[in-house]
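Content type compact mmCIF, C-alpha atoms, from the file upload-v1.txt:
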```
# COMPACT_ATOMS: atom_id res chain seq x y z
CA MET A 1 0.00 0.00 0.00
CA THR A 2 1.32 3.46 -0.89
CA THR A 3 1.57 5.95 1.93
CA GLN A 4 0.16 9.38 1.05
CA THR A 5 2.74 12.12 1.56
CA VAL A 6 2.40 15.87 1.77
CA HIS A 7 5.66 17.14 0.32
CA ILE A 8 7.07 20.18 2.10
CA PRO A 9 9.83 21.91 0.11
CA VAL A 10 12.78 22.66 2.37
CA LEU A 11 14.15 26.22 2.60
CA LEU A 12 11.64 27.26 -0.06
CA ASN A 13 11.63 30.99 0.66
CA GLU A 14 15.40 31.06 0.88
CA VAL A 15 15.76 29.25 -2.44
CA VAL A 16 13.33 31.60 -4.19
CA ASN A 17 15.16 34.63 -2.76
CA ASP A 18 18.62 33.38 -3.77
CA MET A 19 17.49 32.30 -7.23
CA ALA A 20 16.03 35.81 -7.77
CA VAL A 21 14.56 34.82 -11.13
CA ARG A 22 13.39 37.55 -13.49
CA ASP A 23 10.95 37.69 -16.39
CA GLY A 24 12.31 36.12 -19.55
CA GLU A 25 15.00 34.01 -17.87
CA THR A 26 15.68 30.34 -18.54
CA VAL A 27 15.85 28.32 -15.33
CA VAL A 28 16.66 24.69 -14.47
CA ASP A 29 15.22 22.66 -11.61
CA GLY A 30 17.56 19.68 -11.76
CA THR A 31 15.71 17.66 -9.13
CA PHE A 32 11.99 18.15 -9.80
CA GLY A 33 10.66 15.65 -7.23
CA ALA A 34 7.19 16.79 -6.23
CA GLY A 35 7.59 20.15 -7.96
CA GLY A 36 7.71 22.40 -4.91
CA TYR A 37 10.55 24.62 -6.07
CA ALA A 38 9.36 24.58 -9.68
CA ARG A 39 5.91 25.86 -8.76
CA ALA A 40 7.27 28.62 -6.52
CA LEU A 41 9.76 29.80 -9.15
CA LEU A 42 7.16 29.78 -11.92
CA ASP A 43 4.87 31.85 -9.70
CA SER A 44 7.60 34.38 -8.91
CA ALA A 45 8.35 35.50 -12.49
CA ALA A 46 7.51 34.85 -16.16
CA ILE A 47 10.35 32.37 -16.68
CA SER A 48 10.87 29.29 -18.84
CA LEU A 49 11.68 26.41 -16.53
CA PHE A 50 13.25 23.10 -17.54
CA ALA A 51 12.85 20.47 -14.83
CA ILE A 52 14.70 17.14 -14.72
CA ASP A 53 13.82 13.87 -13.01
CA ARG A 54 14.60 10.20 -13.63
CA ASP A 55 11.68 8.95 -11.53
CA PRO A 56 8.65 7.84 -13.61
CA ALA A 57 6.39 8.65 -10.64
CA ALA A 58 7.61 12.27 -10.70
CA HIS A 59 6.62 12.56 -14.35
CA GLU A 60 3.16 11.25 -13.53
CA ARG A 61 2.78 13.76 -10.69
CA ALA A 62 3.96 16.58 -12.95
CA ARG A 63 1.16 16.33 -15.53
CA PRO A 64 -1.26 18.79 -13.86
CA LEU A 65 1.59 21.21 -13.22
CA ILE A 66 2.76 21.08 -16.84
CA THR A 67 -0.77 21.81 -18.01
CA ALA A 68 -1.23 24.64 -15.51
CA TYR A 69 2.00 26.39 -16.49
CA ALA A 70 2.04 25.59 -20.22
CA PRO A 71 4.13 26.38 -22.15
CA ARG A 72 6.61 27.64 -19.54
CA LEU A 73 7.33 24.28 -17.83
CA THR A 74 9.14 21.43 -19.57
CA LEU A 75 9.98 18.18 -17.76
CA LEU A 76 12.95 16.20 -19.08
CA ASN A 77 13.48 12.51 -18.33
CA GLY A 78 16.94 11.69 -17.03
CA CYS A 79 19.58 12.32 -14.38
CA PHE A 80 20.47 15.85 -13.35
CA GLY A 81 24.14 14.98 -13.81
CA ASP A 82 23.33 14.79 -17.53
CA MET A 83 21.58 18.18 -17.61
CA GLU A 84 23.89 19.59 -20.27
CA ALA A 85 23.02 16.85 -22.77
CA LEU A 86 19.33 16.86 -21.81
CA LEU A 87 19.04 20.62 -22.32
CA ALA A 88 20.92 20.40 -25.62
CA THR A 89 18.10 18.24 -27.00
CA ARG A 90 15.87 21.32 -26.57
CA GLY A 91 18.40 23.71 -28.07
CA ILE A 92 19.44 25.15 -24.71
CA ASN A 93 23.13 25.77 -23.98
CA ARG A 94 22.91 28.75 -21.62
CA VAL A 95 20.71 29.25 -18.57
CA ASP A 96 20.25 31.95 -15.93
CA ALA A 97 19.70 29.93 -12.75
CA ILE A 98 19.91 26.32 -11.54
CA VAL A 99 18.53 24.76 -8.36
CA LEU A 100 19.40 21.28 -7.07
CA ASP A 101 17.68 19.60 -4.10
CA ILE A 102 19.96 16.65 -3.39
CA GLY A 103 18.90 13.29 -2.01
CA VAL A 104 15.75 11.23 -1.82
CA SER A 105 12.38 12.97 -2.01
CA SER A 106 9.56 12.60 0.51
CA PRO A 107 7.25 10.80 -1.96
CA GLN A 108 10.02 8.28 -2.65
CA ILE A 109 10.99 7.57 0.94
CA ASP A 110 7.38 7.40 2.17
CA THR A 111 6.26 4.92 -0.50
CA PRO A 112 7.02 1.40 0.80
CA GLU A 113 7.03 -0.08 -2.71
CA ARG A 114 10.11 2.01 -3.56
CA GLY A 115 12.18 0.29 -0.88
CA PHE A 116 14.01 3.34 0.46
CA SER A 117 12.91 3.23 4.08
CA PHE A 118 13.59 0.92 7.00
CA ARG A 119 10.42 2.30 8.62
CA PHE A 120 8.14 0.56 6.09
CA ASP A 121 8.56 -3.00 4.87
CA GLY A 122 8.77 -3.17 1.10
CA PRO A 123 10.78 -4.60 -1.81
CA LEU A 124 14.50 -3.90 -1.40
CA ASP A 125 14.80 -1.59 -4.42
CA MET A 126 16.01 1.97 -3.62
CA ARG A 127 16.36 3.06 -7.26
CA MET A 128 15.34 6.64 -7.97
CA GLY A 129 14.70 5.61 -11.57
CA ASP A 130 13.58 2.31 -13.02
CA THR A 131 16.84 0.98 -14.44
CA GLY A 132 20.04 -0.53 -13.08
CA PRO A 133 20.81 -2.84 -10.14
CA THR A 134 18.55 -2.70 -7.10
CA ALA A 135 19.63 -2.58 -3.47
CA ALA A 136 18.78 -6.29 -3.27
CA ASP A 137 21.19 -6.99 -6.13
CA VAL A 138 23.95 -5.20 -4.22
CA VAL A 139 23.47 -6.81 -0.80
CA ASN A 140 22.99 -10.27 -2.29
CA ASN A 141 25.96 -10.21 -4.67
CA ALA A 142 28.63 -7.70 -3.61
CA GLU A 143 31.79 -8.91 -1.91
CA GLU A 144 31.90 -8.48 1.87
CA ALA A 145 34.72 -5.92 1.64
CA ASP A 146 32.80 -3.92 -0.96
CA LEU A 147 29.69 -3.86 1.21
CA ALA A 148 31.72 -2.66 4.19
CA ASP A 149 33.20 0.09 2.02
CA ILE A 150 29.74 1.21 0.85
CA PHE A 151 28.42 1.45 4.41
CA TYR A 152 31.53 3.25 5.67
CA ARG A 153 32.11 5.70 2.79
CA TYR A 154 28.52 6.64 1.99
CA GLY A 155 26.75 5.92 5.28
CA GLU A 156 29.59 6.82 7.65
CA GLU A 157 28.78 3.66 9.59
CA ARG A 158 31.60 2.95 12.09
CA LEU A 159 30.57 -0.70 12.37
CA SER A 160 30.51 -1.22 8.61
CA ARG A 161 32.58 -4.41 8.69
CA ARG A 162 30.30 -5.94 11.30
CA VAL A 163 27.23 -5.06 9.22
CA ALA A 164 28.76 -6.47 6.04
CA ARG A 165 29.71 -9.68 7.79
CA ALA A 166 26.20 -10.15 9.20
CA ILE A 167 24.69 -9.62 5.75
CA VAL A 168 27.02 -12.12 4.08
CA LEU A 169 26.35 -14.78 6.73
CA ARG A 170 22.60 -14.33 6.46
CA ARG A 171 22.44 -14.26 2.64
CA ALA A 172 24.22 -17.62 2.54
CA GLU A 173 21.05 -19.06 4.06
CA LYS A 174 18.45 -16.84 2.39
CA LYS A 175 18.68 -13.96 -0.09
CA PHE A 176 17.46 -10.53 0.95
CA GLU A 177 14.25 -9.34 -0.70
CA ARG A 178 12.61 -6.94 1.77
CA THR A 179 13.66 -3.72 3.50
CA GLY A 180 12.36 -4.94 6.86
CA ASP A 181 14.48 -8.07 6.64
CA LEU A 182 17.67 -6.11 5.94
CA ALA A 183 16.90 -3.57 8.67
CA ASP A 184 16.43 -6.36 11.22
CA VAL A 185 19.80 -7.90 10.37
CA ILE A 186 21.52 -4.53 10.72
CA ARG A 187 19.79 -3.85 14.03
CA SER A 188 20.98 -7.21 15.32
CA CYS A 189 24.62 -6.11 15.10
CA VAL A 190 24.51 -2.32 15.54
CA PRO A 191 23.55 -1.10 19.03
CA LYS A 192 21.03 1.66 19.55
CA SER A 193 22.54 5.12 19.81
CA LYS A 194 21.83 7.62 22.58
CA ASP A 195 20.35 10.09 20.11
CA GLY A 196 17.56 7.67 19.20
CA ILE A 197 18.55 7.26 15.54
CA ASP A 198 17.57 3.86 14.19
CA PRO A 199 20.64 1.57 13.92
CA ALA A 200 19.79 0.88 10.27
CA THR A 201 19.86 4.57 9.27
CA ARG A 202 23.48 4.91 8.21
CA SER A 203 23.70 1.62 6.33
CA PHE A 204 20.47 2.33 4.43
CA GLN A 205 21.80 5.77 3.52
CA GLY A 206 25.05 4.32 2.25
CA LEU A 207 23.29 1.66 0.20
CA ARG A 208 20.91 4.20 -1.34
CA ILE A 209 23.71 6.59 -2.29
CA HIS A 210 25.64 3.73 -3.90
CA VAL A 211 22.66 2.33 -5.84
CA ASN A 212 21.89 5.75 -7.33
CA ASP A 213 25.49 7.03 -7.66
CA GLU A 214 24.28 10.16 -5.89
CA LEU A 215 27.66 11.73 -5.25
CA GLY A 216 28.79 11.06 -8.80
CA GLU A 217 25.59 12.66 -10.08
CA LEU A 218 26.19 15.70 -7.91
CA GLU A 219 29.78 16.10 -9.12
CA ARG A 220 28.69 15.90 -12.75
CA ALA A 221 25.86 18.35 -12.13
CA LEU A 222 28.14 20.94 -10.52
CA ASP A 223 30.55 20.75 -13.45
CA ALA A 224 27.66 21.05 -15.91
CA ALA A 225 26.22 24.04 -14.05
CA GLU A 226 29.56 25.83 -14.35
CA ARG A 227 29.45 25.40 -18.14
CA LEU A 228 25.75 26.21 -18.56
CA LEU A 229 25.31 29.30 -16.40
CA SER A 230 25.59 32.73 -18.00
CA PRO A 231 27.56 35.46 -16.19
CA GLY A 232 25.48 36.53 -13.21
CA GLY A 233 23.68 33.17 -13.19
CA ARG A 234 22.75 31.69 -9.82
CA LEU A 235 23.50 28.16 -8.60
CA CYS A 236 21.52 27.05 -5.53
CA VAL A 237 22.13 23.63 -3.97
CA VAL A 238 20.23 22.19 -1.00
CA THR A 239 21.92 19.25 0.76
CA PHE A 240 20.85 17.03 3.64
CA HIS A 241 23.96 15.29 4.95
CA SER A 242 27.65 15.97 5.43
CA LEU A 243 28.90 14.05 2.37
CA GLU A 244 26.78 16.09 -0.03
CA ASP A 245 27.39 19.37 1.74
CA ARG A 246 31.15 18.85 1.85
CA LEU A 247 31.25 18.15 -1.87
CA VAL A 248 29.23 21.29 -2.70
CA LYS A 249 31.18 23.45 -0.24
CA GLU A 250 34.54 22.36 -1.62
CA PHE A 251 33.41 22.86 -5.22
CA MET A 252 32.12 26.37 -4.55
CA ARG A 253 35.15 27.35 -2.49
CA ALA A 254 37.56 26.12 -5.13
CA ARG A 255 35.70 27.76 -8.01
CA SER A 256 35.44 31.05 -6.11
CA GLY A 257 39.13 31.18 -5.18
CA ASN A 258 38.33 30.84 -1.48
CA MET A 259 40.48 27.81 -0.74
CA PRO A 260 42.61 28.21 2.42
CA GLY A 261 46.36 28.84 2.33
CA PRO A 262 48.82 25.97 2.77
CA SER A 263 48.94 26.43 6.57
CA ARG A 264 47.10 28.51 9.13
CA HIS A 265 50.46 29.02 10.85
CA LEU A 266 52.18 30.01 7.59
CA PRO A 267 49.47 31.77 5.60
CA GLY A 268 50.22 32.48 2.02
CA PRO A 269 48.52 32.83 -1.33
CA ALA A 270 47.18 29.71 -2.98
CA ALA A 271 49.01 28.43 -6.03
CA ALA A 272 48.14 30.33 -9.19
CA GLY A 273 45.26 28.72 -11.03
CA PRO A 274 42.36 29.50 -13.37
CA ALA A 275 40.21 32.56 -12.73
CA PRO A 276 37.31 32.08 -10.29
CA THR A 277 34.11 31.04 -12.04
CA PHE A 278 31.80 31.71 -9.09
CA ARG A 279 31.30 34.27 -6.35
CA LEU A 280 29.95 32.91 -3.07
CA PHE A 281 26.61 34.29 -1.94
CA SER A 282 27.66 33.49 1.63
CA LYS A 283 30.59 31.48 2.98
CA SER A 284 28.64 29.37 5.46
CA GLY A 285 25.41 28.79 3.54
CA THR A 286 21.90 28.94 5.00
CA GLY A 287 20.11 26.53 7.32
CA PRO A 288 16.44 26.30 8.33
CA GLY A 289 15.08 28.48 11.11
CA ALA A 290 13.52 27.13 14.28
CA GLU A 291 10.00 27.54 12.91
CA GLU A 292 10.72 25.49 9.79
CA GLN A 293 12.50 22.79 11.80
CA ALA A 294 9.48 22.47 14.08
CA ARG A 295 7.10 22.34 11.11
CA ASN A 296 9.20 19.93 9.05
CA PRO A 297 11.67 17.72 10.99
CA ARG A 298 13.30 16.59 7.72
CA ALA A 299 14.57 20.14 7.25
CA ARG A 300 16.82 20.01 10.31
CA SER A 301 19.97 18.89 8.52
CA ALA A 302 19.36 20.92 5.35
CA ARG A 303 21.90 23.46 4.10
CA LEU A 304 21.49 25.85 1.16
CA ARG A 305 24.63 27.03 -0.61
CA THR A 306 24.44 29.62 -3.37
CA ALA A 307 27.04 30.94 -5.80
CA ILE A 308 26.92 33.53 -8.59
CA ARG A 309 28.59 32.79 -11.94
CA THR A 310 31.37 35.13 -13.03
CA GLU A 311 32.48 35.88 -16.58
CA ALA A 312 35.51 33.57 -16.35
CA PRO A 313 35.58 30.51 -18.63
CA ALA A 314 34.68 27.14 -17.10
CA TRP A 315 37.63 25.21 -15.74
CA GLU A 316 39.05 22.38 -17.78
CA GLN A 317 38.74 18.87 -16.36
CA GLY A 318 41.34 18.31 -13.64
CA GLU A 319 42.18 21.99 -13.09
CA ALA A 320 42.66 23.05 -9.49
CA ALA A 321 43.04 26.33 -7.72
```

As structure tokens, the full file:
Amino acid sequence: MTTQTVHIPVLLNEVVNDMAVRDGETVVDGTFGAGGYARALLDSAAISLFAIDRDPAAHERARPLITAYAPRLTLLNGCFGDMEALLATRGINRVDAIVLDIGVSSPQIDTPERGFSFRFDGPLDMRMGDTGPTAADVVNNAEEADLADIFYRYGEERLSRRVARAIVLRRAEKKFERTGDLADVIRSCVPKSKDGIDPATRSFQGLRIHVNDELGELERALDAAERLLSPGGRLCVVTFHSLEDRLVKEFMRARSGNMPGPSRHLPGPAAAGPAPTFRLFSKSGTGPGAEEQARNPRARSARLRTAIRTEAPAWEQGEAA
């Protein structure tokens, strides 16, 4: 049974303010989801908005919105890391603003049939799209060391080796098919934490990020945004955990020339490199206020980082500040 979800866009007012879209601009919502940002941006100015999503369910949800905002809203099927190629199919090679809301959406995580959540028992899937290996394929076939690496790198699970070992021992008897089954095995070897977070949280996060190549998608999207944005264009990225936020922060700092010197004890200029392609809107980013956190607990870990495109040419692959 599908759980009905009311999607609450995180940091919505802050995103709309930072995007500052104006009449006639071309805008990209790289992670359409339930359309919260898209609707707000379309209401704020007479823009043309290209939204991207690889989830067939998102395309189904988008139909009324596309009709309501025709012809200003176009939904493209694919991964936001491929936005440059997707936009090229519509003759678009320059845009004025891009927003990315990273991670799993509320409709995905609250639908048991999608297999994202340890709170609901469902098929062990976790794919944001409908192609590629499922989470069940990974836990049933990956080497023990590879599983441990997934849980440690992407889930920051300290007991990753213990979790991987428990999974391998159990799958030798019976393959994993359900989220509840996997969560129970993880809980059997990871003790409860004092903060009340479910013991399966970190391992499920790591598995989901691996299945969907989420960090790879984000890296490709940031590079594409640098090439697509016109001078003065705005890049807004909302993240929900430290891995995503660190990647975005380091990208924006590097591209804005704000990398630290070689030593805080021996400060000095960074090595000469390409001209900065972005200007930071703020160095620390923006988090949700107390009112939003109380209204929407999922917003608590969110962080919005915004950068403004300069006139400098995009960096070549492998260039560093």

Here is a test: counting only C-alpha atoms, which residue of A:Ala254, A:Ala221, A:Leu73, A:Ile197 is nearest to Pro274 (chain A)? A:Ala254

Here CA of Asp137 (chain A) and CA of Arg178 (chain A) stand apart by 11.7 Å

Hey, which bits of region 147-218 of chain A sit within 8 Å of region 78-83 of chain A, and for each residue what's the closest pair of atoms and how far apart in Å (one decimal), counting all atoms listed in the file, rows by chain and increasing number, as CSV?
```
residue,atom,partner,partner_atom,distance
A:Gly216,CA,A:Gly81,CA,7.9
A:Glu217,CA,A:Gly81,CA,4.6
A:Leu218,CA,A:Gly81,CA,6.3
```

Could you give me, as a PyMOL selection string, the residues that have an atom at most 12 Å away from the point (34.5, 22.7, -4.7) in the coordinates of the file, using only C-alpha atoms? chain A and resi 218-219+222-223+226+244-259+276-278+280+305+307+315+319-321

What's the separation between CA of Val190 (chain A) and CA of Thr239 (chain A), in Å to one decimal place? 26.3 Å

In terms of the shortest atom-to-atom distance over all atoms listed in the file, which of A:Glu144, A:Asp18, A:Asp184, A:Glu177 is closest to Arg162 (chain A)? A:Glu144

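Counting all atoms listed in the file and comparing A:Ala312, A:Ile209, A:Met128, A:Leu243, the residue that lies closest to Ala57 (chain A) is A:Met128.
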
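CA of Val168 (chain A) lies 18.8 Å from CA of Pro123 (chain A).
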
Choose the residue, out of A:Gly36, A:Pro191, A:Gly232, A:Pro56, that has the smallest atom-to-atom separation from Thr131 (chain A); count all atoms listed in the file. A:Pro56

Would you list the residues near (20.5, 22.9, 5.3), meaning any protein, DNA or RNA residue with an atom at most 8 Å from that point in file coordinates, counting all atoms listed in the file, as a PDB file with C-alpha atoms, keeping the file's coordinate frame?
```pdb
ATOM      1  CA  LEU A  11      14.150  26.220   2.600  1.00  0.00           C
ATOM      2  CA  VAL A 238      20.230  22.190  -1.000  1.00  0.00           C
ATOM      3  CA  THR A 239      21.920  19.250   0.760  1.00  0.00           C
ATOM      4  CA  PHE A 240      20.850  17.030   3.640  1.00  0.00           C
ATOM      5  CA  GLY A 285      25.410  28.790   3.540  1.00  0.00           C
ATOM      6  CA  THR A 286      21.900  28.940   5.000  1.00  0.00           C
ATOM      7  CA  GLY A 287      20.110  26.530   7.320  1.00  0.00           C
ATOM      8  CA  PRO A 288      16.440  26.300   8.330  1.00  0.00           C
ATOM      9  CA  ALA A 299      14.570  20.140   7.250  1.00  0.00           C
ATOM     10  CA  ARG A 300      16.820  20.010  10.310  1.00  0.00           C
ATOM     11  CA  SER A 301      19.970  18.890   8.520  1.00  0.00           C
ATOM     12  CA  ALA A 302      19.360  20.920   5.350  1.00  0.00           C
ATOM     13  CA  ARG A 303      21.900  23.460   4.100  1.00  0.00           C
ATOM     14  CA  LEU A 304      21.490  25.850   1.160  1.00  0.00           C
TER      15      LEU A 304
END
```

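Closest approach to Val28 (chain A) from the set A:Asn13, A:Ser48, A:Thr134, A:Asn296 is made by A:Ser48, with distances taken over all atoms listed in the file.
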
Exercise: Leu49 (chain A) partners within 8 Å, only C-alpha atoms, chain neighbours under 3 positions left out, as a list of chain:residue names: A:Thr26, A:Val27, A:Val28, A:Asp29, A:Ala38, A:Leu42, A:Arg72, A:Leu73, A:Thr74

Residues near Asp198 (chain A), anyone? I mean within 10 Å using all atoms listed in the file, not counting same-chain ones fewer than 4 positions away, as a PyMOL selection string. chain A and resi 118-119+183+186-187+190-193+202
